[in-house]
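For reference, the structure is listed below as structure tokens.
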Amino acid sequence: MTTETPFYLAGHLAPVPDEIDAADLPVTGALPAELTGRYLRNGPNPLPGQDPGHWFTGHGMLHGVRLRDGRAEWYRNRWVRTRRLTEGAPFIHADGTVDRTAVPANTHVVHHSGRILALVENGLPYEVTPELGTVGPCDFGGRLTTAMTAHPKQDPVTGELHFFGYGFTAPYLTYHRLSAGGELVESRVVDVPGPTMMHDFAITEHHVVWLDLPVVFDMDLAGRGGLPYRWDDAYGARIGAMDRAGRVTWFEVDPGYVFHVGNAREDAAGRITLDAVRYSRDAFTGIWPLVGGGPAPAARTGGAVLHRWTLDPVSGTTAEEQLDDRPVEFPTLNDAHVGRASRFRYAISSGAVVKYDTETGTSRAAELDGRPGEAVFVPASAARSEDDGWLLSIVTDRRGESSELLVLDAAGLDFTASVRLPRRVPAGFHGSWIPDGND
Ligand SMILES: [Fe+2]
């Protein structure tokens with residue numbers, strides 16, 4: 001590597017050059033037999049010799065680890081074969097139209113109603129097989145005419161999948177809902193003042209929660225290599241609560257930015273509580289050169305901290321509170337509590353997996369000898385409490401040379417098992433546990 005190598009092609013972010021398969025992986029500790037399924041994780045991985053010009057625009061690569069009855073049966077990695085990868089198809093045509101299949105599909109991988117989808121927020125989902133082969137782009141029978149966020153939310157009671165698409169041309173924001181059976185049954189344009197970057201959102205039992213925050217599209221930045229979005233003090237900051245009829249109540253909040261939501265819920269009085277990892281203006285503008293393109297700043301976590309908003313539709317008031325001062329990202333929870341009351345959050349910090357108890361206001365951390373990726377919660381089959389289960393995270397050593405799939409007991413953050421992976425896995429973005437019987 002030379003000093004000119006972009007940070008997203010070096011160290012723990014450096015791409016791997018090929019696709020491999022490995023069987024019967026070495027396990028330290030004891031893998032719970034009931035962890036039978038697949039852990040899949042997505043992230044950018046440019047082709048060998050390729051510099052996409054930006055961390056976020058490398059081709060999506062899925063890494064999968066197949067666990068069964070206490071054994072680690074296989075690891076494999078596969079690029080998502082999008083039209084961008086196979087044909088080099090352009091995202092924007094000469095006439096200004098957008099090709100939503102010409103995207104990297106590199107941000108998340110989720111499962112719903114028998115489909116496994118690789119997601120990136122400016123394009124259509126790409127369906128993949130349980131063995132990580134690419135099926136192709138999915139527009140739900142022609143009904144999805146916008147992009148799809150990489151952070152859809154499955155209602156744990158109804159099984160519906162709520163999501164949205166945002167774009168830099170009108171309509172700027174469109175809400176969508178899949179039935180539990182995977183049919184796109186609702187699409188609804190939501191009025192917002194301008195084209196903001198909306199990476200995530202939240203749901204509650206009866207509402208969808210929008211984050212209309214002051215990071216806006218700027219045409220003047222397009223084509224310069226970074227993402228064409230910038231902080232805009234003039235835009236203001238609002239959180240919206242949309243009911244099932246599409247009526248949105250907007251709440252003015254202190255300007256900040258959110259990439260990732262922890263959870264939201266509503267109480268009997270209709271008050272909505274939203275937890276998310278929030279960047280202050282200074283924290284956002286400090287990390288945006290890294291995320292948006294340009295040199296990497298020294299402090300990559302940028303001081304984003306767990307934050308809580310309480311929105312009262314009766315009084316029209318909002319209350320805000322910082323829940324902790326530890327810089328974190330990639331919040332997760334027991335997905336059976338999405339949109340409902342929930343006590344525990346998990347997140348990662350530099351070299352640690354963090355657990356928050358929002359009931360007692362305390363946190364604890366498992367300090368690791370390496371860099372952890374997002375910690376995905378997997379419930380125990382006969383769970384007796386919200387945190388009865390495990391956290392799965394790919395941890396890479398600090399030199400970026402080897403990786404493991406770490407399994408922690410979610411209750412105490414104690415070591416349960418580690419699967420040694422046959423190769424270094426570049427730090428990526430988001431993933432899912434897909435138990436057998438769901439693919
Ligand atoms: Fe994300």
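Chain labels A, B, ... are given in the sequence in which chains occur in the structure tokens; within each chain residues are numbered consecutively from 1, and ligands are likewise numbered from 1 in the order shown.
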- Query: Which residues sit within 7 Å of ligand 1, counting only C-alpha atoms and all ligand atoms, listed as a list in words?
  - Reply: Thr107, Ala150, His151, His199, Phe259, His260, Phe429 and His430 of chain A
- Message: Could you list, as a PyMOL selection string, every residue within 10 Å of stretch 187-191 of chain A, counting only C-alpha atoms and ignoring same-chain residues fewer than 6 positions away?
- Response: chain A and resi 143-146+163-166+170-178+210+242+245-248
- Query: Skipping near chain neighbours, those fewer than 5 positions away, what residues fall within 7 Å of A:Ala366 using only C-alpha atoms, listed as a ChimeraX atom specification?
  - Reply: /A:352-354,413
- Message: Rounded to one decimal, what separation in Å do you get between atom CA of A:Thr36 and atom CA of A:Gly181?
- Response: 23.6 Å
- Message: Show me, as a VMD selection string, the residues that have an atom within 9 Å of stretch 96-102 of chain A when counting only C-alpha atoms, minus same-chain residues fewer than 4 positions from it.
- Response: chain A and resid 82 to 85 87 to 92 122 to 126 136 to 138 146 to 147
- Query: What separation in Å, quoted to one decimal, exists between atom CA of A:Met198 and atom CA of A:Glu266?
  - Reply: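 Computed distance, atom CA of A:Met198 to atom CA of A:Glu266, equals 21.7 Å.
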- stretch 304-321 of chain A: which residues within 8 Å, counting only C-alpha atoms, same-chain residues fewer than 2 positions away excluded, as a ChimeraX atom specification? /A:249,251-253,270-280,283,301-302,323-329
Residues of stretch 231-412 of chain A in helix (DSSP H, G or I) according to DSSP, as a tab-separated table (two decimals) with N, CA and C atoms, in the first residue's frame?
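Final output, out-v2.tsv:
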```tsv
chain	number	residue	atom	x	y	z
A	233	ASP	N	-27.62	24.45	7.60
A	233	ASP	CA	-28.24	25.06	8.79
A	233	ASP	C	-29.64	25.60	8.49
A	234	ALA	N	-29.89	26.01	7.26
A	234	ALA	CA	-31.16	26.65	6.93
A	234	ALA	C	-32.32	25.65	6.87
A	235	TYR	N	-32.01	24.36	6.77
A	235	TYR	CA	-33.09	23.39	6.55
A	235	TYR	C	-33.93	23.14	7.80
A	281	ARG	N	-24.20	18.73	15.20
A	281	ARG	CA	-23.70	19.39	14.00
A	281	ARG	C	-22.18	19.21	13.89
A	282	ASP	N	-21.48	19.45	14.99
A	282	ASP	CA	-20.01	19.34	14.94
A	282	ASP	C	-19.57	17.90	14.69
A	283	ALA	N	-20.26	16.96	15.32
A	283	ALA	CA	-19.89	15.55	15.12
A	283	ALA	C	-20.13	15.15	13.67
A	284	PHE	N	-21.27	15.60	13.11
A	284	PHE	CA	-21.56	15.22	11.73
A	284	PHE	C	-20.56	15.83	10.76
A	285	THR	N	-20.35	17.13	10.89
A	285	THR	CA	-19.44	17.78	9.94
A	285	THR	C	-18.00	17.30	10.14
A	286	GLY	N	-17.72	16.75	11.34
A	286	GLY	CA	-16.39	16.19	11.58
A	286	GLY	C	-16.18	14.86	10.88
A	287	ILE	N	-17.25	14.03	10.81
A	287	ILE	CA	-17.06	12.71	10.18
A	287	ILE	C	-17.44	12.71	8.70
A	288	TRP	N	-18.18	13.73	8.26
A	288	TRP	CA	-18.68	13.68	6.87
A	288	TRP	C	-17.56	13.66	5.83
A	289	PRO	N	-16.41	14.30	6.07
A	289	PRO	CA	-15.33	14.12	5.09
A	289	PRO	C	-14.93	12.66	4.92
A	290	LEU	N	-15.04	11.87	6.00
A	290	LEU	CA	-14.76	10.44	5.89
A	290	LEU	C	-15.89	9.74	5.15
A	291	VAL	N	-17.11	9.97	5.60
A	291	VAL	CA	-18.24	9.24	5.03
A	291	VAL	C	-18.56	9.76	3.64
A	292	GLY	N	-18.46	11.06	3.45
A	292	GLY	CA	-18.88	11.66	2.19
A	292	GLY	C	-17.79	11.68	1.13
A	335	ASP	N	-35.17	-8.09	17.80
A	335	ASP	CA	-36.11	-7.62	16.78
A	335	ASP	C	-37.57	-7.93	17.11
A	336	ALA	N	-37.80	-8.80	18.07
A	336	ALA	CA	-39.19	-9.05	18.50
A	336	ALA	C	-39.78	-7.82	19.18
A	337	HIS	N	-38.94	-6.82	19.47
A	337	HIS	CA	-39.40	-5.60	20.15
A	337	HIS	C	-39.37	-4.38	19.25
```
Quick one: everything within 12 Å of A:Ala380, counting only C-alpha atoms, minus sequence neighbours fewer than 6 positions away in the same chain. Send it as a tab-separated table (two decimals) with N, CA and C atoms, in the first residue's frame.
```
chain	number	residue	atom	x	y	z
A	32	PRO	N	-23.92	-22.75	20.64
A	32	PRO	CA	-25.22	-23.32	21.02
A	32	PRO	C	-25.83	-24.09	19.84
A	33	ALA	N	-26.30	-25.30	20.11
A	33	ALA	CA	-26.86	-26.13	19.03
A	33	ALA	C	-28.03	-25.44	18.34
A	34	GLU	N	-28.77	-24.64	19.11
A	34	GLU	CA	-29.94	-24.01	18.50
A	34	GLU	C	-29.59	-22.86	17.56
A	35	LEU	N	-28.32	-22.44	17.56
A	35	LEU	CA	-27.90	-21.47	16.54
A	35	LEU	C	-27.70	-22.24	15.24
A	36	THR	N	-28.81	-22.56	14.62
A	36	THR	CA	-28.80	-23.32	13.38
A	36	THR	C	-29.44	-22.45	12.31
A	334	ASN	N	-33.26	-6.75	20.20
A	334	ASN	CA	-34.05	-7.96	19.96
A	334	ASN	C	-35.20	-7.56	19.03
A	336	ALA	N	-37.80	-8.80	18.07
A	336	ALA	CA	-39.19	-9.05	18.50
A	336	ALA	C	-39.78	-7.82	19.18
A	386	GLU	N	-36.00	-10.42	27.50
A	386	GLU	CA	-35.67	-9.73	26.25
A	386	GLU	C	-34.23	-9.96	25.82
A	387	ASP	N	-33.34	-10.10	26.79
A	387	ASP	CA	-31.92	-10.25	26.44
A	387	ASP	C	-31.44	-11.69	26.57
A	388	ASP	N	-32.35	-12.64	26.53
A	388	ASP	CA	-31.99	-14.05	26.57
A	388	ASP	C	-31.68	-14.50	25.14
A	389	GLY	N	-30.41	-14.53	24.82
A	389	GLY	CA	-29.98	-14.89	23.46
A	389	GLY	C	-28.52	-14.58	23.29
A	390	TRP	N	-28.11	-14.37	22.04
A	390	TRP	CA	-26.70	-14.18	21.73
A	390	TRP	C	-26.51	-12.99	20.80
A	391	LEU	N	-25.31	-12.47	20.82
A	391	LEU	CA	-24.91	-11.42	19.88
A	391	LEU	C	-23.85	-11.98	18.95
A	409	ASP	N	-22.83	-14.09	24.86
A	409	ASP	CA	-24.09	-14.22	25.57
A	409	ASP	C	-24.64	-12.81	25.78
A	410	ALA	N	-25.85	-12.55	25.30
A	410	ALA	CA	-26.36	-11.17	25.30
A	410	ALA	C	-26.69	-10.67	26.71
A	411	ALA	N	-26.98	-11.57	27.61
A	411	ALA	CA	-27.36	-11.14	28.96
A	411	ALA	C	-26.17	-10.51	29.68
A	435	PRO	N	-32.52	-17.88	10.66
A	435	PRO	CA	-32.64	-19.24	11.20
A	435	PRO	C	-33.22	-20.18	10.15
```
- In stretch 171-282 of chain A, DSSP strand (DSSP E or B) residues written as a ChimeraX atom specification: /A:173-178,184-189,196,202-203,207-212,215-217,229-231,238-243,248-252,257-266,272-279
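For the set A:Asp155, A:Glu160, A:Glu186, A:Glu401, the residue with the smallest atom-to-atom gap to A:Ile203 is A:Asp155, counting only C-alpha atoms.
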